[in-house]
$ cat query-v9.txt   # compact mmCIF, C-alpha atoms
# COMPACT_ATOMS: atom_id res chain seq x y z
CA MET C 1 -9.50 4.09 28.22
CA GLU C 2 -5.94 4.63 29.47
CA LYS C 3 -5.04 6.31 26.17
CA LEU C 4 -8.03 8.66 26.39
CA ILE C 5 -7.16 9.59 29.99
CA ALA C 6 -3.58 10.33 28.97
CA VAL C 7 -4.63 12.50 26.05
CA GLY C 8 -7.08 14.35 28.25
CA LEU C 9 -4.44 14.99 30.88
CA ALA C 10 -2.00 16.10 28.20
CA ILE C 11 -4.44 18.64 26.85
CA ALA C 12 -5.08 19.93 30.35
CA VAL C 13 -1.36 20.21 31.04
CA ALA C 14 -0.75 21.98 27.74
CA GLY C 15 -3.49 24.48 28.55
CA GLY C 16 -2.12 25.02 32.04
CA LEU C 17 1.31 25.73 30.66
CA GLY C 18 -0.10 28.51 28.52
CA ALA C 19 0.99 27.04 25.20
CA ALA C 20 1.46 29.54 22.40
CA TRP C 21 -0.90 27.62 20.16
CA ARG C 22 -4.49 26.70 20.81
CA VAL C 23 -5.73 23.13 20.39
CA GLN C 24 -8.34 23.41 17.68
CA ALA C 25 -8.04 19.97 16.18
CA PRO C 26 -11.01 17.64 15.88
CA SER C 27 -11.59 15.73 19.10
CA GLN C 28 -11.58 11.95 19.40
CA HIS C 29 -15.37 12.14 19.41
CA ASP C 30 -15.30 14.16 16.18
CA LEU C 31 -13.09 11.56 14.49
CA GLU C 32 -15.30 8.69 15.62
CA ALA C 33 -18.36 10.53 14.34
CA LYS C 34 -16.65 11.18 11.01
CA ALA C 35 -15.80 7.47 10.66
CA GLN C 36 -19.50 6.70 11.11
CA GLU C 37 -20.67 9.47 8.80
CA ALA C 38 -18.40 8.83 5.80
CA PRO C 39 -16.65 5.47 6.23
CA VAL C 40 -16.13 4.77 2.52
CA LEU C 41 -12.63 5.97 1.64
CA THR C 42 -11.26 3.68 -1.03
CA ARG C 43 -7.75 5.14 -1.18
CA ILE C 44 -6.28 5.08 2.34
CA GLN C 45 -3.23 7.34 2.16
CA SER C 46 -1.09 9.72 4.16
CA ALA C 47 -2.80 10.93 7.35
CA VAL C 48 -5.52 8.28 7.47
CA ALA C 49 -3.00 5.49 6.84
CA SER C 50 -1.04 6.68 9.88
CA SER C 51 -4.01 5.94 12.16
CA PRO C 52 -4.93 2.23 12.21
CA SER C 53 -7.54 2.95 14.88
CA PHE C 54 -9.38 5.37 12.57
CA ILE C 55 -9.25 2.86 9.69
CA ALA C 56 -10.63 0.22 12.06
CA ASP C 57 -13.48 2.57 13.02
CA MET C 58 -14.37 3.01 9.35
CA VAL C 59 -14.24 -0.73 8.71
CA ALA C 60 -16.42 -1.43 11.75
CA ALA C 61 -18.96 1.21 10.67
CA ARG C 62 -19.23 -0.33 7.21
CA ASN C 63 -19.33 -3.95 8.36
CA ALA C 64 -22.06 -3.10 10.89
CA LYS C 65 -24.22 -2.05 7.92
CA GLY C 66 -23.70 -5.29 6.05
CA ASP C 67 -20.49 -4.55 4.18
CA ASP C 68 -17.51 -6.90 4.04
CA VAL C 69 -14.34 -4.78 3.85
CA ARG C 70 -11.14 -6.43 2.60
CA PHE C 71 -7.66 -5.03 2.03
CA LEU C 72 -5.30 -4.47 -0.87
CA PHE C 73 -1.94 -3.16 0.37
CA GLY C 74 0.41 -1.40 -1.99
CA THR C 75 2.24 1.76 -2.91
CA SER C 76 2.03 4.43 -5.63
CA GLU C 77 0.02 2.24 -8.01
CA LEU C 78 -2.88 2.71 -5.57
CA GLU C 79 -2.24 6.43 -5.27
CA TYR C 80 -2.80 7.91 -8.69
CA VAL C 81 -6.24 8.87 -9.95
CA CYS C 82 -7.08 7.60 -13.41
CA ASP C 83 -10.01 6.85 -15.70
CA ASP C 84 -9.16 3.17 -16.06
CA THR C 85 -12.39 1.18 -15.65
CA ALA C 86 -10.51 -1.73 -14.07
CA HIS C 87 -8.42 0.18 -11.51
CA PRO C 88 -9.38 -1.51 -8.20
CA THR C 89 -10.00 1.78 -6.40
CA ARG C 90 -12.79 2.38 -8.90
CA PHE C 91 -13.80 -1.11 -9.96
CA PHE C 92 -14.88 -2.47 -6.57
CA ASP C 93 -16.68 0.73 -5.67
CA GLU C 94 -18.77 0.44 -8.81
CA HIS C 95 -19.54 -3.30 -8.90
CA ASP C 96 -21.02 -5.64 -6.31
CA TYR C 97 -18.90 -8.72 -5.72
CA GLY C 98 -20.07 -9.40 -2.18
CA PHE C 99 -17.17 -7.50 -0.60
CA SER C 100 -15.64 -4.03 -0.68
CA LEU C 101 -12.00 -3.23 -1.22
CA MET C 102 -9.97 -0.81 0.88
CA CYS C 103 -6.66 0.10 -0.78
CA VAL C 104 -3.94 1.06 1.71
CA GLY C 105 -0.61 2.67 0.86
CA ASN C 106 1.05 5.32 -1.24
CA ALA C 107 4.51 6.24 -2.55
CA GLY C 108 7.27 5.29 -0.12
CA CYS C 109 5.27 2.52 1.55
CA GLN C 110 7.62 -0.42 1.08
CA SER C 111 7.95 -3.82 2.76
CA LEU C 112 8.67 -2.57 6.29
CA TRP C 113 5.71 -0.19 6.21
CA GLN C 114 3.45 -2.93 4.85
CA ALA C 115 4.47 -5.28 7.66
CA MET C 116 3.77 -2.68 10.34
CA GLU C 117 0.48 -1.49 8.84
CA LEU C 118 -0.84 -5.04 8.57
CA ALA C 119 0.16 -5.92 12.14
CA ALA C 120 -1.45 -2.73 13.48
CA LEU C 121 -4.69 -3.14 11.53
CA GLU C 122 -4.95 -6.75 12.67
CA GLU C 123 -4.47 -5.68 16.29
CA GLU C 124 -7.24 -3.09 15.85
CA GLY C 125 -9.59 -5.79 14.56
CA ALA C 126 -9.87 -4.37 11.05
CA VAL C 127 -8.67 -7.48 9.15
CA SER C 128 -11.40 -10.02 8.36
CA GLY C 129 -10.57 -13.65 7.71
CA ASN C 130 -7.08 -14.93 7.12
CA ARG C 131 -6.35 -13.47 3.68
CA ILE C 132 -4.90 -10.15 2.51
CA ALA C 133 -3.38 -9.00 -0.79
CA LEU C 134 -0.16 -7.07 -1.39
CA MET C 135 1.09 -5.34 -4.53
CA LEU C 136 4.86 -5.95 -4.35
CA GLY C 137 6.88 -3.34 -6.25
CA THR C 138 10.00 -4.40 -8.13
CA GLN C 139 11.43 -0.88 -7.73
CA TRP C 140 11.42 -1.29 -3.93
CA PHE C 141 14.37 -3.65 -4.26
CA MET C 142 16.51 -1.57 -6.61
CA GLU C 143 19.65 0.24 -5.41
CA ASP C 144 19.59 0.51 -1.59
CA GLY C 145 15.92 -0.26 -1.08
CA LEU C 146 14.02 1.79 1.49
CA THR C 147 15.57 5.18 2.16
CA GLU C 148 15.64 6.96 5.50
CA SER C 149 13.74 9.91 4.06
CA ALA C 150 10.95 7.67 2.73
CA PHE C 151 10.78 5.84 6.05
CA ALA C 152 10.61 9.06 8.05
CA LYS C 153 7.85 10.44 5.83
CA ARG C 154 5.64 7.38 6.35
CA PHE C 155 6.55 6.37 9.92
CA SER C 156 3.59 6.50 12.31
CA GLU C 157 4.00 6.46 16.08
CA GLU C 158 0.47 5.14 16.51
CA THR C 159 1.15 2.32 14.08
CA PHE C 160 4.41 1.36 15.77
CA ALA C 161 2.86 1.40 19.26
CA THR C 162 -0.06 -0.73 18.05
CA VAL C 163 2.32 -3.20 16.42
CA MET C 164 4.26 -3.59 19.66
CA ALA C 165 0.99 -4.12 21.54
CA ASN C 166 -0.15 -6.96 19.27
CA PRO C 167 0.12 -10.12 21.43
CA ARG C 168 -0.03 -12.41 18.40
CA LEU C 169 3.25 -11.12 17.04
CA SER C 170 6.25 -13.08 18.25
CA ASP C 171 8.94 -11.33 20.27
CA ALA C 172 11.39 -12.15 17.48
CA THR C 173 9.25 -10.40 14.85
CA LYS C 174 8.75 -7.37 17.09
CA GLN C 175 12.50 -7.15 17.63
CA LYS C 176 13.15 -7.29 13.88
CA ILE C 177 10.72 -4.42 13.34
CA TYR C 178 12.27 -2.43 16.19
CA ASP C 179 15.81 -2.97 14.90
CA ARG C 180 14.89 -1.96 11.35
CA CYS C 181 13.18 1.21 12.56
CA VAL C 182 16.34 2.14 14.47
CA ALA C 183 18.47 1.34 11.42
CA MET C 184 16.26 3.67 9.37
CA GLY C 185 16.88 6.56 11.74
CA ALA C 186 14.14 6.26 14.37
CA ASP C 187 15.09 7.41 17.88
CA PRO C 188 15.50 4.33 20.14
CA GLN C 189 14.32 6.29 23.18
CA GLN C 190 11.14 7.27 21.37
CA LEU C 191 10.57 3.69 20.23
CA ASP C 192 11.09 2.43 23.79
CA GLU C 193 8.49 4.89 25.05
CA LEU C 194 6.07 3.80 22.32
CA LYS C 195 6.57 0.19 23.42
CA ASP C 196 5.77 1.03 27.04
CA PRO C 197 2.01 0.62 27.70
CA SER C 198 2.06 2.24 31.14
CA LEU C 199 -0.17 5.24 31.93
CA VAL C 200 2.83 7.45 32.70
CA SER C 201 4.39 6.71 29.32
CA SER C 202 1.05 7.33 27.61
CA ILE C 203 0.81 10.75 29.27
CA ASN C 204 4.38 11.63 28.35
CA ARG C 205 3.81 10.64 24.74
CA ALA C 206 0.54 12.52 24.55
CA ILE C 207 2.15 15.70 25.87
CA SER C 208 5.20 15.57 23.63
CA ASP C 209 3.23 14.54 20.54
CA LEU C 210 0.28 16.88 20.98
CA PRO C 211 1.24 19.36 18.23
CA VAL C 212 1.78 16.46 15.80
CA SER C 213 -1.53 14.88 16.87
CA VAL C 214 -3.32 18.16 16.24
CA GLU C 215 -1.91 18.37 12.72
CA ARG C 216 -2.65 14.73 11.97
CA SER C 217 -6.25 14.77 13.20
CA GLU C 218 -6.90 17.85 11.07
CA ALA C 219 -5.38 16.09 8.07
CA ILE C 220 -7.53 13.00 8.68
CA MET C 221 -10.66 15.13 8.72
CA ASP C 222 -9.54 16.92 5.55
CA ASP C 223 -8.95 13.61 3.74
CA VAL C 224 -12.36 12.23 4.68
CA ASP C 225 -14.14 15.52 3.97
CA GLU C 226 -12.58 15.52 0.50
CA GLN C 227 -13.04 11.89 -0.52
CA GLY C 228 -15.11 10.04 2.09
CA ARG C 229 -18.68 8.99 1.33
CA PRO C 230 -21.58 7.53 3.32
CA PHE C 231 -21.95 3.77 3.04
CA GLU C 232 -25.55 4.05 1.87
CA GLU C 233 -24.53 6.24 -1.04
CA ILE C 234 -21.95 3.88 -2.46
CA ALA C 235 -24.05 0.79 -1.81
CA ALA C 236 -26.94 2.28 -3.79
CA ASP C 237 -24.68 3.14 -6.72
CA LYS C 238 -23.12 -0.30 -7.19
CA ALA C 239 -23.87 -2.13 -10.41
CA ASP C 240 -24.00 -5.90 -10.82
CA ALA C 241 -20.78 -7.84 -10.90
CA ILE C 242 -19.01 -8.22 -14.23
CA THR C 243 -18.66 -11.92 -15.01
CA ASP C 244 -17.25 -11.74 -18.53
CA TRP C 245 -13.60 -10.98 -17.81
CA GLU C 246 -12.63 -11.28 -21.47
CA GLU C 247 -15.11 -8.56 -22.36
CA LEU C 248 -13.65 -6.36 -19.62
CA ASN C 249 -10.18 -7.06 -20.97
CA GLU C 250 -11.25 -5.89 -24.43
CA LEU C 251 -12.73 -2.73 -22.91
CA VAL C 252 -9.54 -1.77 -21.07
CA VAL C 253 -7.42 -2.45 -24.15
CA GLU C 254 -9.48 0.18 -25.98
CA GLU C 255 -8.88 2.54 -23.06
CA GLY C 256 -5.17 1.80 -23.30
CA LYS C 257 -5.14 2.52 -27.02
CA ARG C 258 -6.71 5.92 -26.43
CA SER C 259 -4.06 6.74 -23.81
CA CYS C 260 -1.06 5.47 -25.80
CA THR C 261 -1.16 7.04 -29.24
CA ASN C 262 2.44 8.15 -29.81
CA ASN C 263 4.33 4.88 -29.13
CA ASP C 264 4.07 1.14 -29.65
CA LEU C 265 5.12 0.23 -26.10
CA GLY C 266 1.77 0.74 -24.39
CA ILE C 267 3.00 3.70 -22.32
CA TYR C 268 0.67 6.63 -21.87
CA ASP C 269 1.50 9.59 -24.09
CA GLU C 270 2.71 12.24 -21.62
CA TYR C 271 4.99 9.82 -19.80
CA TYR C 272 6.46 8.52 -23.02
CA THR C 273 7.26 12.00 -24.35
CA ASP C 274 8.37 13.74 -21.17
CA ILE C 275 10.10 10.94 -19.24
CA PHE C 276 10.63 7.72 -21.18
CA VAL C 277 12.28 9.12 -24.33
CA PRO C 278 14.90 11.36 -22.66
CA GLN C 279 15.66 8.88 -19.89
CA ASP C 280 15.92 5.93 -22.25
CA LYS C 281 18.30 7.94 -24.44
CA GLU C 282 20.46 8.72 -21.41
CA ASN C 283 20.44 5.06 -20.32
CA ARG C 284 21.58 3.89 -23.75
CA GLU C 285 24.45 6.37 -23.77
CA LYS C 286 25.77 5.25 -20.40
CA ASP C 287 28.47 2.62 -20.21
CA GLU C 288 27.31 0.94 -17.02
CA PRO C 289 28.27 -2.55 -15.85
CA GLN C 290 25.39 -4.97 -15.74
CA CYS C 291 24.03 -5.38 -12.22
CA THR C 292 22.67 -8.47 -10.50
CA GLU C 293 22.71 -6.91 -7.03
CA TRP C 294 19.39 -6.07 -5.43
CA SER C 295 18.74 -4.61 -1.98
CA GLU C 296 19.38 -7.20 0.71
CA LYS C 297 17.79 -4.79 3.22
CA GLU C 298 14.56 -4.79 1.26
CA PHE C 299 14.63 -8.57 0.99
CA GLY C 300 14.98 -8.61 4.78
CA ASP C 301 12.04 -6.24 5.16
CA PHE C 302 9.91 -8.42 2.89
CA GLU C 303 10.88 -11.36 5.08
CA ILE C 304 9.55 -9.38 8.06
CA PHE C 305 6.26 -8.90 6.21
CA LEU C 306 6.05 -12.66 5.66
CA ASP C 307 6.94 -13.21 9.35
CA VAL C 308 4.07 -10.93 10.38
CA CYS C 309 1.68 -12.91 8.19
CA ARG C 310 2.90 -16.19 9.67
CA ASP C 311 2.56 -14.96 13.26
CA LEU C 312 -0.96 -13.68 12.64
CA GLY C 313 -2.12 -16.78 10.77
CA ILE C 314 -2.64 -14.83 7.54
CA LYS C 315 -1.93 -16.28 4.11
CA PRO C 316 -1.10 -13.35 1.83
CA LEU C 317 -1.64 -13.07 -1.88
CA VAL C 318 1.49 -11.36 -3.20
CA VAL C 319 1.16 -9.71 -6.62
CA LEU C 320 4.62 -9.58 -8.16
CA GLN C 321 4.61 -6.55 -10.43
CA PRO C 322 6.67 -6.47 -13.61
CA ALA C 323 9.12 -3.82 -14.78
CA LYS C 324 8.93 -2.56 -18.37
CA GLY C 325 11.43 -4.64 -20.30
CA ALA C 326 11.83 -2.09 -23.11
CA TYR C 327 13.12 0.38 -20.56
CA TYR C 328 15.01 -1.64 -17.98
CA ASP C 329 16.89 -3.75 -20.52
CA ASN C 330 18.96 -0.60 -21.15
CA THR C 331 19.82 -0.25 -17.44
CA PRO C 332 21.84 -2.38 -15.04
CA TYR C 333 18.55 -4.09 -14.16
CA ASP C 334 18.34 -5.95 -17.45
CA LYS C 335 16.39 -9.12 -18.23
CA GLU C 336 18.96 -11.45 -16.68
CA SER C 337 19.21 -9.37 -13.53
CA ARG C 338 15.44 -9.10 -13.19
CA GLU C 339 15.02 -12.85 -13.53
CA ILE C 340 17.43 -13.35 -10.63
CA PHE C 341 15.29 -10.99 -8.56
CA TYR C 342 11.99 -12.57 -9.62
CA ASN C 343 13.27 -16.05 -8.78
CA LYS C 344 14.34 -14.97 -5.30
CA ILE C 345 10.94 -13.43 -4.58
CA ARG C 346 9.18 -16.54 -5.90
CA SER C 347 11.34 -18.69 -3.64
CA MET C 348 10.60 -16.54 -0.57
CA ILE C 349 6.86 -16.66 -1.26
CA ASP C 350 6.97 -20.42 -1.76
CA GLU C 351 8.93 -21.00 1.45
CA ALA C 352 6.44 -18.87 3.40
CA ASP C 353 3.50 -20.86 1.98
CA ALA C 354 2.07 -17.62 0.61
CA GLU C 355 0.22 -17.29 -2.68
CA LEU C 356 1.78 -15.67 -5.75
CA LEU C 357 0.12 -13.81 -8.59
CA ASP C 358 2.98 -13.38 -11.04
CA LEU C 359 2.57 -10.57 -13.59
CA THR C 360 6.22 -10.63 -14.69
CA PRO C 361 5.56 -12.62 -17.90
CA TYR C 362 3.92 -9.46 -19.28
CA GLU C 363 6.84 -7.07 -18.95
CA TYR C 364 7.25 -6.87 -22.75
CA ASP C 365 3.55 -6.76 -23.59
CA MET C 366 1.35 -3.73 -24.24
CA TYR C 367 -1.31 -2.38 -21.88
CA TYR C 368 -0.05 -4.11 -18.74
CA LEU C 369 1.95 -1.11 -17.49
CA ARG C 370 1.03 2.56 -17.82
CA ASP C 371 4.69 3.65 -17.67
CA VAL C 372 7.77 1.60 -16.77
CA MET C 373 6.61 0.43 -13.33
CA HIS C 374 2.91 0.96 -12.55
CA PRO C 375 0.34 -1.69 -13.52
CA GLU C 376 -2.62 -0.60 -15.57
CA TRP C 377 -5.37 -1.81 -17.92
CA LYS C 378 -4.88 -5.55 -18.53
CA SER C 379 -2.90 -6.04 -15.31
CA TRP C 380 -5.80 -4.76 -13.24
CA VAL C 381 -8.22 -7.16 -14.94
CA ILE C 382 -6.02 -10.06 -13.83
CA VAL C 383 -5.64 -8.64 -10.31
CA ASN C 384 -9.37 -7.95 -9.93
CA GLN C 385 -10.31 -11.44 -11.04
CA LYS C 386 -7.90 -12.89 -8.48
CA LEU C 387 -9.23 -10.63 -5.72
CA CYS C 388 -12.73 -11.89 -6.47
CA GLU C 389 -11.49 -15.45 -6.02
CA LEU C 390 -9.66 -14.44 -2.84
CA TYR C 391 -12.43 -12.49 -1.15
CA GLY C 392 -15.55 -13.95 -2.76
CA ASP C 393 -18.53 -15.15 -0.74
CA SER C 394 -17.23 -18.70 -0.35
CA ASN C 395 -13.78 -17.69 0.90
CA ASP C 396 -12.36 -16.13 4.08

$ encode --input "query-v9.txt" --output "C-alpha cells"
Amino acid sequence: MEKLIAVGLAIAVAGGLGAAWRVQAPSQHDLEAKAQEAPVLTRIQSAVASSPSFIADMVAARNAKGDDVRFLFGTSELEYVCDDTAHPTRFFDEHDYGFSLMCVGNAGCQSLWQAMELAALEEEGAVSGNRIALMLGTQWFMEDGLTESAFAKRFSEETFATVMANPRLSDATKQKIYDRCVAMGADPQQLDELKDPSLVSSINRAISDLPVSVERSEAIMDDVDEQGRPFEEIAADKADAITDWEELNELVVEEGKRSCTNNDLGIYDEYYTDIFVPQDKENREKDEPQCTEWSEKEFGDFEIFLDVCRDLGIKPLVVLQPAKGAYYDNTPYDKESREIFYNKIRSMIDEADAELLDLTPYEYDMYYLRDVMHPEWKSWVIVNQKLCELYGDSND
C-alpha cells in the first residue's frame, strides 16, 4: 500500500510540475489485469524479468487455476528461439508433467543477477517448494567475469529493493550483494535509497524513477502482448507426458543431423560456417600461453547465489554446462584449464549441499551443444528428465 501511495503522489507531483512528457504508461491496475489475462509467458526476459512483482502476479494467476509453476534460471540458452522439440521453453508447454516451467534470464544474466532474481522472487512469494534449477554457464567465468556494461543492462531497482526487503536473507548476504553492486558501478546513494523502506524514500524514488517506470511498464505490456497466452489455452493444448526418454533422444538426434550438415562436430550449419571456422583458424594461429586463471569475481558471485539459497532454505539443482572441446582446446581455456574450473565448481556445489547435473563429460560429443557454448538436442533431454524428477508430483 505504501508503494502505491508513493507512486500516486509521484504522478500527482509530476503533473503539477508541468512535466514535458505525459504519463501514458499502463497503470498498476492494467499490469495486474494483464497478468491475469495472459499469465503464460515461458521465456521471462528483459522488461518482465526486471519486475519480480509482475512475475509473481503471473505465477499466482496460474497457480490459482490449478497450475504448478516452477523455475529454471539461466542465460542466453533460454533466450534463443529454436525448433528443437526438447528445448524446455517448448517441451514443458507442450507436455503435461504435473507442473509448468517458467524460464527466467537472458544474455548477461550471470551469477549475481541470478542470486538477486531468486531472492526477489522468493520474497514476492513466487517460488514454490524448496527447489529451483540453474543453468550455470562456463563462459560466465572466463576472462574478468561479469562486466559493468552487462550488469548495468540487467540491473533492476525493483529487484534490488525487493532483495533488501527479504527478511529471510542474512545481513551478511545482503551486504555481499550491496558491495558487489557498488563494485559493478551502481551508485551507493541510489542503493541506500532503495534499501530504505520509509514512505518518504518511496516517494522520492517514485518521482525520480517515473520516466524509467513508464518505459518499463510499456515494455512489460509489449512483451506479454507479443508472447503471453491465457492459461486455459495452453492447458488445453498440452499432450500427455513423454515417458520414453530414449525415443525422445533419438528424435532430437535426427533434428540435430538436419541442422548440422556441413561439419562432423554437431554444430549447426550457419554458426559453423560464419563463426566457428574463421574464429578457430584465428585461435590456432595465435601463440597464446595456456591459461588456468578463471574469474575470481564470478566465483564470488556464484558463492553469493549459493548463500542466497542457503538463507532461503532452497536446495538448487545446478546444471554445469560444457564448453565445446573442439573449439576451446585451441584457446587458453584448454582441456586442462577447463578441468580445473569444473572441479572448483563441483567442490563449491558439494560444500553448499546443492545438487549437480554435470553435462561436462559431453563436451567432445555431437548434438549436445548447438555451437561452442549453448546446450541443445541431447543436452535438453537430460535436463528435462532431471527437471521432471525435481519438480514431479511427489517432490517439492

$ residues_around --input "query-v9.txt" --residues "Tyr367 of chain C" --least-positions-apart "4" --cutoff "7 Å" --atoms "all atoms listed in the file" --output "PyMOL selection string"
chain C and resi 253+256+266+376-378

$ closest_residue --input "query-v9.txt" --among "C:Ile44, C:Tyr327, C:Glu298, C:Arg370" --to "Pro278 of chain C" --atoms "only C-alpha atoms"
C:Tyr327

$ closest_residue --input "query-v9.txt" --among "C:Ala38, C:Val308, C:Ile220, C:Leu112" --to "Trp140 of chain C" --atoms "all atoms listed in the file"
C:Leu112

$ residues_around --input "query-v9.txt" --residues "Ser111 of chain C" --least-positions-apart "4" --cutoff "8 Å" --atoms "all atoms listed in the file" --output "list in words"
Ala115, Trp140, Glu298, Asp301, Phe302, Ile304 and Phe305 of chain C

$ residues_around --input "query-v9.txt" --residues "segment 347-353 of chain C" --least-positions-apart "3" --cutoff "8 Å" --atoms "all atoms listed in the file" --output "count of residues only"
8

$ residues_around --input "query-v9.txt" --residues "Ile267 of chain C" --least-positions-apart "3" --cutoff "9 Å" --atoms "all atoms listed in the file" --output "PyMOL selection string"
chain C and resi 256+259-264+270-272+276+366-367+369-372

$ atom_distance --input "query-v9.txt" --atom1 "atom CA of Ser53 of chain C" --atom2 "atom CA of Val383 of chain C"
27.8 Å

$ residues_around --input "query-v9.txt" --residues "Cys103 of chain C" --least-positions-apart "3" --cutoff "8 Å" --atoms "all atoms listed in the file" --output "CSV table (one decimal) with C-alpha atoms, keeping the file's coordinate frame"
chain,number,residue,atom,x,y,z
C,42,THR,CA,-11.3,3.7,-1.0
C,43,ARG,CA,-7.8,5.1,-1.2
C,44,ILE,CA,-6.3,5.1,2.3
C,71,PHE,CA,-7.7,-5.0,2.0
C,72,LEU,CA,-5.3,-4.5,-0.9
C,73,PHE,CA,-1.9,-3.2,0.4
C,74,GLY,CA,0.4,-1.4,-2.0
C,78,LEU,CA,-2.9,2.7,-5.6
C,89,THR,CA,-10.0,1.8,-6.4

$ closest_residue --input "query-v9.txt" --among "C:His374, C:Lys176, C:Arg131, C:Arg229" --to "Val40 of chain C" --atoms "all atoms listed in the file"
C:Arg229

$ closest_atom_pairs --input "query-v9.txt" --of "segment 150-268 of chain C" --to "segment 388-393 of chain C" --cutoff "12 Å" --atoms "all atoms listed in the file" --output "JSON lines"
{"residue": "C:Ala241", "atom": "CA", "partner": "C:Cys388", "partner_atom": "CA", "distance": 10.0}
{"residue": "C:Ile242", "atom": "CA", "partner": "C:Cys388", "partner_atom": "CA", "distance": 10.6}
{"residue": "C:Thr243", "atom": "CA", "partner": "C:Cys388", "partner_atom": "CA", "distance": 10.4}
{"residue": "C:Trp245", "atom": "CA", "partner": "C:Cys388", "partner_atom": "CA", "distance": 11.4}

$ atom_distance --input "query-v9.txt" --atom1 "atom CA of Val277 of chain C" --atom2 "atom CA of Ser337 of chain C"
22.5 Å

$ atom_distance --input "query-v9.txt" --atom1 "atom CA of Ala86 of chain C" --atom2 "atom CA of Pro316 of chain C"
21.8 Å

$ closest_residue --input "query-v9.txt" --among "C:Val381, C:Ala47, C:Ala354, C:Val59" --to "Glu250 of chain C" --atoms "only C-alpha atoms"
C:Val381

$ residues_near_point --input "query-v9.txt" --point "(2.2, 7.9, 3.8)" --cutoff "6 Å" --atoms "all atoms listed in the file" --output "list in words"
Gln45, Ser46, Asn106 and Arg154 of chain C

$ closest_residue --input "query-v9.txt" --among "C:Ala239, C:Met184, C:Leu134, C:Val48" --to "Glu158 of chain C" --atoms "only C-alpha atoms"
C:Val48
